[in-house]
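Engineer: Next up, work.csv (CSV, C-alpha atoms).
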```
chain,number,residue,atom,x,y,z
A,777,MET,CA,16.8,19.3,-19.3
A,778,LYS,CA,13.9,20.7,-17.2
A,779,ASN,CA,12.3,18.7,-14.4
A,780,LYS,CA,8.8,19.4,-13.0
A,781,ARG,CA,8.3,18.6,-9.4
A,782,LEU,CA,5.8,19.1,-6.6
A,783,VAL,CA,7.3,20.5,-3.4
A,784,LEU,CA,5.9,21.2,0.1
A,785,ALA,CA,4.5,24.7,0.4
A,786,ARG,CA,2.6,24.4,3.7
A,787,ARG,CA,1.7,21.8,6.4
A,788,PRO,CA,-1.7,20.1,5.7
A,789,GLU,CA,-4.6,20.8,8.1
A,790,GLY,CA,-7.6,18.4,8.4
A,791,LEU,CA,-8.1,15.0,6.9
A,792,LEU,CA,-7.4,16.0,3.2
A,793,VAL,CA,-4.5,17.8,1.6
A,794,LYS,CA,-5.1,20.9,-0.5
A,795,GLN,CA,-3.5,21.9,-3.8
A,796,THR,CA,-2.1,25.0,-1.9
A,797,ASP,CA,-0.2,22.6,0.3
A,798,PHE,CA,2.1,22.1,-2.7
A,799,LYS,CA,3.9,24.2,-5.3
A,800,LEU,CA,4.6,23.0,-8.8
A,801,GLU,CA,8.1,23.9,-9.8
A,802,GLU,CA,10.2,23.5,-13.0
A,803,VAL,CA,14.0,23.4,-12.4
A,804,GLU,CA,17.0,22.6,-14.5
A,805,LEU,CA,18.6,19.2,-13.9
A,806,PRO,CA,22.3,19.3,-13.1
A,807,PRO,CA,24.8,17.1,-15.1
A,808,LEU,CA,25.3,13.6,-13.7
A,809,LYS,CA,28.2,13.0,-11.4
A,810,GLU,CA,30.2,9.7,-11.3
A,811,GLY,CA,28.0,7.0,-9.7
A,812,GLU,CA,24.7,8.7,-10.6
A,813,PHE,CA,22.0,7.8,-13.0
A,814,LEU,CA,18.9,9.6,-14.4
A,815,ILE,CA,15.5,8.1,-14.2
A,816,LYS,CA,12.5,9.1,-16.3
A,817,VAL,CA,9.6,8.5,-13.9
A,818,LEU,CA,6.7,6.6,-15.5
A,819,PHE,CA,4.3,6.0,-12.6
A,820,LEU,CA,4.1,7.2,-9.0
A,821,SER,CA,2.4,5.5,-6.1
A,822,VAL,CA,0.5,7.1,-3.2
A,823,ALA,CA,0.1,5.8,0.3
A,824,PRO,CA,-1.5,7.3,3.4
A,825,VAL,CA,1.9,7.7,5.1
A,826,MET,CA,2.8,10.5,2.6
A,827,LYS,CA,0.5,12.9,4.3
A,828,PHE,CA,2.5,12.4,7.5
A,829,TYR,CA,5.8,12.9,5.8
A,830,MET,CA,4.4,16.5,5.4
A,831,GLN,CA,3.6,16.8,9.1
A,832,ASP,CA,6.0,14.9,11.3
A,833,GLY,CA,7.8,12.4,9.2
A,834,ALA,CA,5.5,9.6,10.3
A,835,GLY,CA,8.1,8.5,12.8
A,836,ILE,CA,10.3,6.9,10.1
A,837,GLU,CA,11.6,9.9,8.2
A,838,ALA,CA,12.6,13.4,9.0
A,839,PRO,CA,9.7,15.8,8.4
A,840,LEU,CA,9.7,17.3,4.9
A,841,GLN,CA,10.9,20.9,4.9
A,842,PHE,CA,9.2,23.7,2.9
A,843,GLY,CA,10.6,23.6,-0.7
A,844,GLU,CA,11.5,19.9,-0.5
A,845,THR,CA,10.2,17.5,-3.2
A,846,MET,CA,7.4,15.3,-1.9
A,847,ARG,CA,8.6,11.8,-1.1
A,848,GLY,CA,7.1,8.8,-2.8
A,849,ARG,CA,7.9,5.6,-4.6
A,850,GLY,CA,7.9,5.4,-8.4
A,851,VAL,CA,8.9,3.2,-11.3
A,852,GLY,CA,10.9,4.6,-14.2
A,853,GLU,CA,13.4,4.0,-16.9
A,854,VAL,CA,17.1,4.7,-16.7
A,855,ILE,CA,17.8,7.1,-19.6
A,856,GLU,CA,21.4,8.2,-18.7
A,857,SER,CA,23.9,6.6,-16.4
A,858,LYS,CA,27.4,7.0,-14.9
A,859,ASN,CA,26.8,4.1,-12.6
A,860,PRO,CA,28.0,0.6,-13.7
A,861,ASP,CA,25.2,-1.1,-11.8
A,862,PHE,CA,22.4,0.7,-13.6
A,863,GLU,CA,22.4,0.7,-17.4
A,864,VAL,CA,20.4,2.8,-19.8
A,865,GLY,CA,17.1,0.9,-20.4
A,866,ASN,CA,16.9,-0.6,-17.0
A,867,ILE,CA,13.4,-0.3,-15.4
A,868,VAL,CA,13.7,0.5,-11.7
A,869,GLN,CA,11.4,1.2,-8.8
A,870,GLY,CA,12.3,3.1,-5.6
A,871,LYS,CA,12.2,6.5,-4.0
A,872,CYS,CA,11.6,8.7,-6.9
A,873,GLY,CA,9.6,11.6,-5.3
A,874,TRP,CA,6.8,13.6,-6.9
A,875,GLN,CA,8.7,14.6,-10.0
A,876,GLU,CA,9.2,13.8,-13.7
A,877,TYR,CA,12.9,12.9,-13.4
A,878,LYS,CA,15.0,11.5,-10.6
A,879,ILE,CA,18.8,11.6,-10.2
A,880,CYS,CA,19.9,8.7,-8.0
A,881,ASP,CA,23.3,7.6,-6.8
A,882,GLY,CA,22.2,4.0,-6.1
A,883,THR,CA,22.8,4.2,-2.3
A,884,PRO,CA,20.6,2.1,0.0
A,885,TYR,CA,18.5,5.1,1.1
A,886,HIS,CA,16.9,5.3,-2.4
A,887,MET,CA,15.9,1.6,-2.2
A,888,MET,CA,16.2,1.2,-6.0
A,889,TYR,CA,15.3,-2.3,-7.2
A,890,LYS,CA,15.5,-3.5,-10.8
A,891,VAL,CA,12.2,-4.6,-12.1
A,892,LYS,CA,12.6,-8.2,-13.3
A,893,GLN,CA,9.1,-9.2,-14.3
A,894,ARG,CA,8.9,-7.7,-17.8
A,895,GLY,CA,5.8,-9.6,-18.9
A,896,LEU,CA,3.4,-7.4,-17.0
A,897,PRO,CA,2.8,-3.6,-17.1
A,898,TYR,CA,5.5,-1.6,-15.3
A,899,SER,CA,2.9,-0.1,-13.0
A,900,THR,CA,2.7,-3.4,-11.3
A,901,ALA,CA,6.1,-2.8,-9.8
A,902,LEU,CA,4.4,-0.3,-7.5
A,903,GLY,CA,1.4,-2.5,-6.8
A,904,VAL,CA,1.0,-6.2,-6.9
A,905,LEU,CA,4.7,-6.8,-7.8
A,906,GLY,CA,6.0,-4.1,-5.5
A,907,MET,CA,5.8,-3.1,-1.8
A,908,THR,CA,2.0,-3.2,-1.9
A,909,GLY,CA,1.9,-6.8,-3.1
A,910,PHE,CA,4.7,-7.8,-0.8
A,911,THR,CA,2.8,-6.3,2.1
A,912,SER,CA,-0.2,-8.5,1.2
A,913,TYR,CA,2.0,-11.6,0.7
A,914,PHE,CA,4.2,-11.4,3.8
A,915,GLY,CA,1.4,-10.0,6.0
A,916,LEU,CA,-0.9,-12.9,5.2
A,917,TYR,CA,1.5,-15.8,4.9
A,918,HIS,CA,4.3,-14.9,7.3
A,919,VAL,CA,2.6,-12.6,9.9
A,920,GLY,CA,-0.8,-14.2,9.6
A,921,LYS,CA,0.6,-17.7,9.3
A,922,LEU,CA,-2.2,-18.6,6.9
A,923,LYS,CA,-3.2,-22.3,6.9
A,924,THR,CA,-5.5,-24.3,4.5
A,925,GLY,CA,-9.1,-24.0,5.6
A,926,ASP,CA,-8.6,-20.7,7.6
A,927,ASN,CA,-11.4,-18.2,7.9
A,928,VAL,CA,-10.0,-14.8,6.9
A,929,LEU,CA,-11.5,-11.3,7.3
A,930,VAL,CA,-9.9,-8.3,5.6
A,931,SER,CA,-10.8,-4.6,6.1
A,932,ALA,CA,-10.3,-2.0,3.4
A,933,ALA,CA,-10.4,-5.0,1.0
A,934,THR,CA,-10.5,-2.9,-2.2
A,935,GLY,CA,-7.4,-0.9,-1.2
A,936,GLY,CA,-4.0,-1.5,-2.6
A,937,VAL,CA,-3.0,-4.2,0.0
A,938,GLY,CA,-6.5,-5.6,0.6
A,939,SER,CA,-7.2,-6.1,-3.1
A,940,ASN,CA,-4.5,-8.8,-3.2
A,941,VAL,CA,-5.3,-10.7,0.0
A,942,GLY,CA,-8.5,-12.4,-1.2
A,943,ASN,CA,-6.7,-14.3,-4.0
A,944,LEU,CA,-3.7,-15.0,-1.9
A,945,ALA,CA,-6.0,-16.6,0.6
A,946,LYS,CA,-7.8,-18.6,-2.0
A,947,ILE,CA,-4.6,-19.9,-3.6
A,948,LYS,CA,-3.7,-21.5,-0.2
A,949,GLY,CA,-7.2,-23.0,0.3
A,950,ALA,CA,-8.5,-20.5,2.8
A,951,ARG,CA,-11.8,-18.5,2.6
A,952,ALA,CA,-11.7,-14.7,2.7
A,953,ILE,CA,-14.4,-12.1,3.4
A,954,GLY,CA,-13.7,-8.5,2.5
A,955,LEU,CA,-15.1,-5.3,4.0
A,956,ALA,CA,-15.8,-2.4,1.6
A,957,SER,CA,-17.8,0.9,1.6
A,958,THR,CA,-20.1,0.4,-1.4
A,959,ASP,CA,-22.0,-2.3,-3.2
A,960,GLU,CA,-19.9,-1.7,-6.3
A,961,LYS,CA,-16.7,-2.4,-4.3
A,962,CYS,CA,-18.3,-5.5,-2.8
A,963,GLN,CA,-19.1,-6.8,-6.2
A,964,LEU,CA,-15.5,-6.2,-7.3
A,965,LEU,CA,-14.3,-8.3,-4.4
A,966,THR,CA,-16.4,-11.3,-5.2
A,967,GLU,CA,-16.3,-11.2,-9.0
A,968,LYS,CA,-12.6,-10.3,-9.6
A,969,LEU,CA,-10.5,-10.3,-6.4
A,970,GLY,CA,-11.0,-13.8,-5.1
A,971,TYR,CA,-13.2,-13.1,-2.1
A,972,HIS,CA,-15.7,-15.7,-1.0
A,973,GLY,CA,-18.1,-12.9,0.2
A,974,ALA,CA,-18.2,-9.2,1.0
A,975,ILE,CA,-19.7,-6.9,3.7
A,976,ASN,CA,-20.8,-3.4,3.0
A,977,TYR,CA,-19.8,-1.9,6.4
A,978,LYS,CA,-21.8,1.3,5.7
A,979,LYS,CA,-25.1,-0.5,5.0
A,980,GLU,CA,-24.8,-3.8,6.9
A,981,ASN,CA,-24.4,-4.9,10.5
A,982,VAL,CA,-20.7,-6.0,10.4
A,983,SER,CA,-20.9,-8.2,13.5
A,984,GLU,CA,-24.0,-10.0,12.2
A,985,ARG,CA,-22.5,-10.5,8.8
A,986,ILE,CA,-19.3,-11.9,10.1
A,987,ASP,CA,-21.4,-14.4,12.1
A,988,TYR,CA,-23.2,-15.3,8.9
A,989,PHE,CA,-20.1,-16.0,6.9
A,990,PHE,CA,-18.0,-17.5,9.8
A,991,PRO,CA,-20.3,-18.8,12.6
A,992,GLU,CA,-17.3,-20.6,14.0
A,993,GLY,CA,-15.2,-17.5,14.2
A,994,LEU,CA,-12.1,-16.0,12.6
A,995,ASP,CA,-8.6,-17.5,12.2
A,996,VAL,CA,-7.0,-14.5,10.6
A,997,TYR,CA,-8.0,-10.9,10.6
A,998,PHE,CA,-6.0,-8.7,8.2
A,999,ASP,CA,-6.5,-5.1,9.5
A,1000,ASN,CA,-6.0,-2.0,7.4
A,1001,VAL,CA,-8.3,0.4,9.3
A,1002,GLY,CA,-8.2,0.0,13.1
A,1003,ALA,CA,-10.8,1.4,15.5
A,1004,GLU,CA,-14.3,0.0,15.7
A,1005,ILE,CA,-13.8,-2.6,12.9
A,1006,LEU,CA,-10.7,-4.0,14.6
A,1007,ASP,CA,-12.7,-4.2,17.9
A,1008,ILE,CA,-15.5,-6.1,16.2
A,1009,ALA,CA,-13.1,-8.5,14.6
A,1010,LEU,CA,-11.4,-9.1,18.0
A,1011,SER,CA,-14.8,-10.2,19.4
A,1012,LYS,CA,-15.0,-12.9,16.7
A,1013,ILE,CA,-11.5,-14.5,16.9
A,1014,ARG,CA,-11.3,-18.1,17.9
A,1015,ARG,CA,-8.5,-20.1,19.5
A,1016,TYR,CA,-5.0,-19.5,18.1
A,1017,ALA,CA,-6.2,-16.8,15.8
A,1018,ARG,CA,-3.8,-14.3,14.2
A,1019,VAL,CA,-4.5,-10.6,13.9
A,1020,VAL,CA,-2.3,-8.8,11.3
A,1021,LEU,CA,-1.9,-5.1,12.0
A,1022,CYS,CA,-1.1,-3.6,8.6
A,1023,GLY,CA,-2.8,-0.2,8.6
A,1024,ARG,CA,-5.0,2.1,10.6
A,1025,ILE,CA,-6.3,4.6,8.1
A,1026,SER,CA,-9.4,5.4,10.2
A,1027,GLN,CA,-7.2,6.7,13.0
A,1028,TYR,CA,-4.6,8.7,11.1
A,1029,GLU,CA,-6.4,12.1,11.7
A,1030,LYS,CA,-7.4,11.2,15.2
A,1031,GLN,CA,-3.8,10.4,16.0
A,1032,GLN,CA,-3.0,14.1,15.5
A,1033,ASP,CA,-5.6,15.3,18.1
A,1034,ASN,CA,-5.0,12.5,20.7
A,1035,SER,CA,-8.5,11.1,20.2
A,1036,GLU,CA,-7.6,7.6,19.0
A,1037,TYR,CA,-10.1,4.8,19.5
A,1038,ALA,CA,-9.6,2.7,22.7
A,1039,LEU,CA,-10.1,-1.1,22.0
A,1040,LYS,CA,-12.6,-2.8,24.2
A,1041,ASN,CA,-12.1,-6.5,23.1
A,1042,TRP,CA,-8.3,-6.7,23.5
A,1043,TYR,CA,-8.8,-9.3,26.3
A,1044,LYS,CA,-10.1,-11.8,23.7
A,1045,LEU,CA,-6.5,-12.2,22.6
A,1046,GLY,CA,-5.6,-13.7,26.0
A,1047,LEU,CA,-8.7,-15.8,26.3
A,1048,ASN,CA,-8.2,-17.4,22.9
A,1049,ARG,CA,-4.4,-17.7,23.1
A,1050,ALA,CA,-4.3,-15.5,19.9
A,1051,GLN,CA,-1.7,-13.3,18.5
A,1052,MET,CA,-1.8,-9.7,17.3
A,1053,ASN,CA,1.3,-8.5,15.4
A,1054,GLY,CA,2.4,-5.5,13.5
A,1055,PHE,CA,5.2,-5.7,10.9
A,1056,PHE,CA,7.5,-3.6,8.8
A,1057,ILE,CA,7.7,-4.8,5.2
A,1058,TYR,CA,11.4,-4.1,4.8
A,1059,ASP,CA,12.1,-6.8,7.5
A,1060,PHE,CA,11.4,-9.2,4.6
A,1061,GLU,CA,13.6,-7.5,2.1
A,1062,ASP,CA,15.8,-10.5,1.6
A,1063,GLN,CA,12.8,-12.4,0.3
A,1064,PHE,CA,11.4,-9.8,-2.1
A,1065,ASN,CA,12.8,-11.6,-5.2
A,1066,MET,CA,11.1,-14.8,-4.2
A,1067,ALA,CA,7.8,-13.2,-3.6
A,1068,GLU,CA,7.9,-11.2,-6.8
A,1069,LYS,CA,8.6,-14.4,-8.8
A,1070,GLU,CA,5.9,-16.4,-7.1
A,1071,ILE,CA,3.2,-13.6,-7.4
A,1072,ALA,CA,4.1,-13.1,-11.1
A,1073,GLN,CA,3.7,-16.8,-11.7
A,1074,TRP,CA,0.3,-16.8,-10.1
A,1075,ILE,CA,-0.8,-13.9,-12.3
A,1076,SER,CA,0.4,-15.7,-15.4
A,1077,GLU,CA,-1.6,-18.8,-14.4
A,1078,GLY,CA,-4.7,-16.7,-13.8
A,1079,LYS,CA,-4.8,-17.5,-10.1
A,1080,LEU,CA,-4.3,-13.9,-9.0
A,1081,THR,CA,-5.9,-10.9,-10.5
A,1082,TYR,CA,-4.9,-7.4,-9.5
A,1083,GLN,CA,-6.7,-4.0,-9.5
A,1084,GLU,CA,-5.2,-0.6,-10.3
A,1085,ASP,CA,-6.8,2.8,-10.0
A,1086,MET,CA,-5.0,5.1,-12.3
A,1087,LEU,CA,-5.0,8.9,-12.6
A,1088,GLU,CA,-2.8,10.8,-15.1
A,1089,GLY,CA,-0.5,13.8,-14.6
A,1090,LEU,CA,1.9,15.0,-11.9
A,1091,GLU,CA,-0.5,17.7,-11.0
A,1092,ASN,CA,-3.0,15.1,-9.9
A,1093,MET,CA,-0.8,13.6,-7.1
A,1094,PRO,CA,-2.7,15.5,-4.3
A,1095,THR,CA,-6.0,14.3,-5.7
A,1096,ALA,CA,-4.7,10.7,-5.8
A,1097,LEU,CA,-3.5,11.0,-2.2
A,1098,ASN,CA,-6.9,12.3,-1.0
A,1099,ARG,CA,-8.7,9.4,-2.7
A,1100,LEU,CA,-7.2,7.1,-0.1
A,1101,PHE,CA,-8.7,9.1,2.8
A,1102,GLU,CA,-12.0,9.5,1.0
A,1103,GLY,CA,-12.3,5.8,0.3
A,1104,LYS,CA,-12.6,6.4,-3.5
A,1105,ASN,CA,-9.8,4.2,-4.8
A,1106,LYS,CA,-10.6,0.7,-6.1
A,1107,GLY,CA,-7.3,-1.2,-5.9
A,1108,LYS,CA,-3.8,0.3,-5.9
A,1109,GLN,CA,-3.9,4.0,-6.4
A,1110,LEU,CA,-1.3,5.2,-9.0
A,1111,VAL,CA,-0.6,8.2,-11.2
A,1112,LYS,CA,0.8,7.9,-14.7
A,1113,ILE,CA,3.5,10.5,-15.2
A,1114,ALA,CA,4.9,9.7,-18.6
A,1115,ASN,CA,5.0,7.2,-21.5
A,1116,MET,CA,8.0,5.1,-22.3
```
Take the structure in this file and express it as structure tokens.
Structural biologist:
Amino acid sequence: MKNKRLVLARRPEGLLVKQTDFKLEEVELPPLKEGEFLIKVLFLSVAPVMKFYMQDGAGIEAPLQFGETMRGRGVGEVIESKNPDFEVGNIVQGKCGWQEYKICDGTPYHMMYKVKQRGLPYSTALGVLGMTGFTSYFGLYHVGKLKTGDNVLVSAATGGVGSNVGNLAKIKGARAIGLASTDEKCQLLTEKLGYHGAINYKKENVSERIDYFFPEGLDVYFDNVGAEILDIALSKIRRYARVVLCGRISQYEKQQDNSEYALKNWYKLGLNRAQMNGFFIYDFEDQFNMAEKEIAQWISEGKLTYQEDMLEGLENMPTALNRLFEGKNKGKQLVKIANM
């Protein structure tokens, strides 16, 4: 059986990756060994960190070497197995890489989880019912310590993580305002994604609009971008506020040339006895099943709606990755690789 895959051809330069940074290969799959199983990849996810796997490993993985398959999470169907824990027909999600088929041995490195919620599209295992949704859930509820009546501000609110936070806040009786880059995205936030209001940060004065929505200040700021927006939010926090550091997409390129933004309002944390915390989603791994079950229940009850942005074809993975840095994605960015 042939397997198409995208491998690293050169290190990316600048904000966006290029098609020439990758090489599309077709290789013969070897026979399965004992303990292995073969996955037909159905959907692949993209995340900003993937670009940095290509450069320096992002501080969490060894840097990709030339000729290595691009790393990335996917969801797929087990179509052959010599592993008693994974049967033919199982739907799994984990480290699949940018390829059509994945041979896995089930060891912890591959982080393969069986998809239990079969009432929803399998793509949700990479979004609202996967690491993206869990990041929203644990970031808001556990790190942000959300309480009923809280005022919540979310940056990159139409991104994969941010697109879930509005409804998660609403479910617990809090009010969320989302930041987005276009009027169309702002409309999506308020009409579908549970946000009480929206701010177009490219057209509106962010500081003034936060004051309009929350004159008494912020209880939770869920940060996905860093830099100036984070600084503005810090100037608006009130006593015992919680700042959740989830992402910093505005700074990823500046991180490479040592020109990262220096916060001016950090002292507000001390003045307000507030907290600012980062987190690693796998610290909550023992609670993933609970979160998946609860989120799926809310979707079935109509309390939580999710947003996916879907491209098709393995060759479009670089384009999908660039959409994150260009701010083009509306919801969780995915690429469909194959049908069942």
Engineer: Work out how far atom CA of Met846 of chain A is from atom CA of Lys1112 of chain A, in Å to one decimal.
Structural biologist: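 Distance reported for this atom pair: 16.2 Å.
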Engineer: May I ask which of the residues A:Gly870, A:Pro860, A:Gly1078, A:Gly790 is the closest one to Ile815 of chain A, counting all atoms listed in the file?
Structural biologist: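 Residue with the minimum atom-to-atom distance to Ile815 of chain A: A:Gly870.
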Engineer: Show me, as a count of residues only, the residues that have an atom within 12 Å of Ile1005 of chain A when counting only C-alpha atoms, minus same-chain residues fewer than 4 positions from it.
Structural biologist: 32
Engineer: Which residues come within 6 Å of segment 1051-1055 of chain A, counting all atoms listed in the file, excluding same-chain residues fewer than 6 positions away, as a ChimeraX atom specification?
Structural biologist: /A:1018-1021
Engineer: What's the 9 Å shell around Val941 of chain A, counting only C-alpha atoms, without same-chain residues fewer than 2 positions away, as a VMD selection string?
Structural biologist: chain A and resid 909 912 to 913 916 930 933 937 to 939 943 to 946 952 969 to 971 998
Engineer: Any idea what the distance is between atom CA of Gly852 of chain A and atom CA of Ser821 of chain A?
Structural biologist: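 Spanning atom CA of Gly852 of chain A to atom CA of Ser821 of chain A is a straight-line distance of 11.8 Å.
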Engineer: Please measure the separation of atom CA of Lys968 of chain A and atom CA of Ile1071 of chain A, giving the value in Å to one decimal.
Structural biologist: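 Here the two named atoms are 16.3 Å from each other.
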Engineer: Can you list, as a tab-separated table (two decimals) with C-alpha atoms, in the coordinates of the input, every protein, DNA or RNA residue that comes within 10 Å of segment 878-887 of chain A when you count only C-alpha atoms, leaving out same-chain residues fewer than 4 positions away?
Structural biologist:
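Contents of around11.tsv, freshly written:
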```tsv
chain	number	residue	atom	x	y	z
A	779	ASN	CA	12.30	18.70	-14.40
A	781	ARG	CA	8.30	18.60	-9.40
A	805	LEU	CA	18.60	19.20	-13.90
A	806	PRO	CA	22.30	19.30	-13.10
A	807	PRO	CA	24.80	17.10	-15.10
A	808	LEU	CA	25.30	13.60	-13.70
A	809	LYS	CA	28.20	13.00	-11.40
A	810	GLU	CA	30.20	9.70	-11.30
A	811	GLY	CA	28.00	7.00	-9.70
A	812	GLU	CA	24.70	8.70	-10.60
A	813	PHE	CA	22.00	7.80	-13.00
A	814	LEU	CA	18.90	9.60	-14.40
A	815	ILE	CA	15.50	8.10	-14.20
A	816	LYS	CA	12.50	9.10	-16.30
A	817	VAL	CA	9.60	8.50	-13.90
A	849	ARG	CA	7.90	5.60	-4.60
A	850	GLY	CA	7.90	5.40	-8.40
A	852	GLY	CA	10.90	4.60	-14.20
A	853	GLU	CA	13.40	4.00	-16.90
A	854	VAL	CA	17.10	4.70	-16.70
A	856	GLU	CA	21.40	8.20	-18.70
A	857	SER	CA	23.90	6.60	-16.40
A	858	LYS	CA	27.40	7.00	-14.90
A	859	ASN	CA	26.80	4.10	-12.60
A	861	ASP	CA	25.20	-1.10	-11.80
A	862	PHE	CA	22.40	0.70	-13.60
A	868	VAL	CA	13.70	0.50	-11.70
A	869	GLN	CA	11.40	1.20	-8.80
A	870	GLY	CA	12.30	3.10	-5.60
A	871	LYS	CA	12.20	6.50	-4.00
A	872	CYS	CA	11.60	8.70	-6.90
A	873	GLY	CA	9.60	11.60	-5.30
A	874	TRP	CA	6.80	13.60	-6.90
```
Engineer: Which of these residues is nearest to Ala901 of chain A, using all atoms listed in the file: A:Met1086, A:Ile855, A:Leu922, A:Ile867?
Structural biologist: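 Counting all atoms listed in the file, the residue closest to Ala901 of chain A is A:Ile867.
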Engineer: Please identify all polymer residues lying at most 8 Å from the point (1.9, 22.6, -2.3) (file coordinates), using all atoms listed in the file, and present the result as a count of residues only.
Structural biologist: 12
Engineer: Which is closer to Thr924 of chain A than all the others in A:Asn940, A:Lys948, A:Gly903, A:Thr1095, using all atoms listed in the file?
Structural biologist: A:Lys948
Engineer: Generate N, CA and C atoms for segment 909-928 of chain A and emit them as a PDB file, in the frame of the given file.
Structural biologist:
```pdb
ATOM      1  N   GLY A 909       2.120  -5.329  -3.001  1.00  0.00           N
ATOM      2  CA  GLY A 909       1.900  -6.800  -3.100  1.00  0.00           C
ATOM      3  C   GLY A 909       2.687  -7.550  -2.084  1.00  0.00           C
ATOM      4  N   PHE A 910       3.927  -7.114  -1.833  1.00  0.00           N
ATOM      5  CA  PHE A 910       4.700  -7.800  -0.800  1.00  0.00           C
ATOM      6  C   PHE A 910       4.122  -7.670   0.563  1.00  0.00           C
ATOM      7  N   THR A 911       3.516  -6.518   0.833  1.00  0.00           N
ATOM      8  CA  THR A 911       2.800  -6.300   2.100  1.00  0.00           C
ATOM      9  C   THR A 911       1.688  -7.303   2.269  1.00  0.00           C
ATOM     10  N   SER A 912       0.912  -7.487   1.199  1.00  0.00           N
ATOM     11  CA  SER A 912      -0.200  -8.500   1.200  1.00  0.00           C
ATOM     12  C   SER A 912       0.379  -9.874   1.451  1.00  0.00           C
ATOM     13  N   TYR A 913       1.410 -10.210   0.705  1.00  0.00           N
ATOM     14  CA  TYR A 913       2.000 -11.600   0.700  1.00  0.00           C
ATOM     15  C   TYR A 913       2.578 -11.906   2.079  1.00  0.00           C
ATOM     16  N   PHE A 914       3.498 -11.067   2.563  1.00  0.00           N
ATOM     17  CA  PHE A 914       4.200 -11.400   3.800  1.00  0.00           C
ATOM     18  C   PHE A 914       3.241 -11.157   5.022  1.00  0.00           C
ATOM     19  N   GLY A 915       2.344 -10.174   4.906  1.00  0.00           N
ATOM     20  CA  GLY A 915       1.400 -10.000   6.000  1.00  0.00           C
ATOM     21  C   GLY A 915       0.495 -11.153   6.195  1.00  0.00           C
ATOM     22  N   LEU A 916       0.003 -11.742   5.102  1.00  0.00           N
ATOM     23  CA  LEU A 916      -0.900 -12.900   5.200  1.00  0.00           C
ATOM     24  C   LEU A 916      -0.189 -14.181   5.506  1.00  0.00           C
ATOM     25  N   TYR A 917       0.884 -14.454   4.759  1.00  0.00           N
ATOM     26  CA  TYR A 917       1.500 -15.800   4.900  1.00  0.00           C
ATOM     27  C   TYR A 917       2.504 -15.862   6.038  1.00  0.00           C
ATOM     28  N   HIS A 918       3.264 -14.822   6.302  1.00  0.00           N
ATOM     29  CA  HIS A 918       4.300 -14.900   7.300  1.00  0.00           C
ATOM     30  C   HIS A 918       3.779 -14.384   8.689  1.00  0.00           C
ATOM     31  N   VAL A 919       3.164 -13.199   8.695  1.00  0.00           N
ATOM     32  CA  VAL A 919       2.600 -12.600   9.900  1.00  0.00           C
ATOM     33  C   VAL A 919       1.337 -13.330  10.324  1.00  0.00           C
ATOM     34  N   GLY A 920       0.449 -13.497   9.345  1.00  0.00           N
ATOM     35  CA  GLY A 920      -0.800 -14.200   9.600  1.00  0.00           C
ATOM     36  C   GLY A 920      -0.746 -15.666   9.639  1.00  0.00           C
ATOM     37  N   LYS A 921       0.383 -16.232   9.216  1.00  0.00           N
ATOM     38  CA  LYS A 921       0.600 -17.700   9.300  1.00  0.00           C
ATOM     39  C   LYS A 921      -0.574 -18.464   8.741  1.00  0.00           C
ATOM     40  N   LEU A 922      -0.998 -18.064   7.541  1.00  0.00           N
ATOM     41  CA  LEU A 922      -2.200 -18.600   6.900  1.00  0.00           C
ATOM     42  C   LEU A 922      -2.059 -20.156   6.758  1.00  0.00           C
ATOM     43  N   LYS A 923      -3.161 -20.848   7.048  1.00  0.00           N
ATOM     44  CA  LYS A 923      -3.200 -22.300   6.900  1.00  0.00           C
ATOM     45  C   LYS A 923      -4.432 -22.639   5.985  1.00  0.00           C
ATOM     46  N   THR A 924      -4.353 -23.767   5.314  1.00  0.00           N
ATOM     47  CA  THR A 924      -5.500 -24.300   4.500  1.00  0.00           C
ATOM     48  C   THR A 924      -6.716 -24.378   5.408  1.00  0.00           C
ATOM     49  N   GLY A 925      -7.834 -23.883   4.892  1.00  0.00           N
ATOM     50  CA  GLY A 925      -9.100 -24.000   5.600  1.00  0.00           C
ATOM     51  C   GLY A 925      -9.349 -22.801   6.569  1.00  0.00           C
ATOM     52  N   ASP A 926      -8.416 -21.860   6.686  1.00  0.00           N
ATOM     53  CA  ASP A 926      -8.600 -20.700   7.600  1.00  0.00           C
ATOM     54  C   ASP A 926      -9.747 -19.830   7.142  1.00  0.00           C
ATOM     55  N   ASN A 927     -10.401 -19.209   8.122  1.00  0.00           N
ATOM     56  CA  ASN A 927     -11.400 -18.200   7.900  1.00  0.00           C
ATOM     57  C   ASN A 927     -10.697 -16.813   8.014  1.00  0.00           C
ATOM     58  N   VAL A 928     -10.736 -16.019   6.943  1.00  0.00           N
ATOM     59  CA  VAL A 928     -10.000 -14.800   6.900  1.00  0.00           C
ATOM     60  C   VAL A 928     -10.910 -13.601   6.655  1.00  0.00           C
TER      61      VAL A 928
END
```
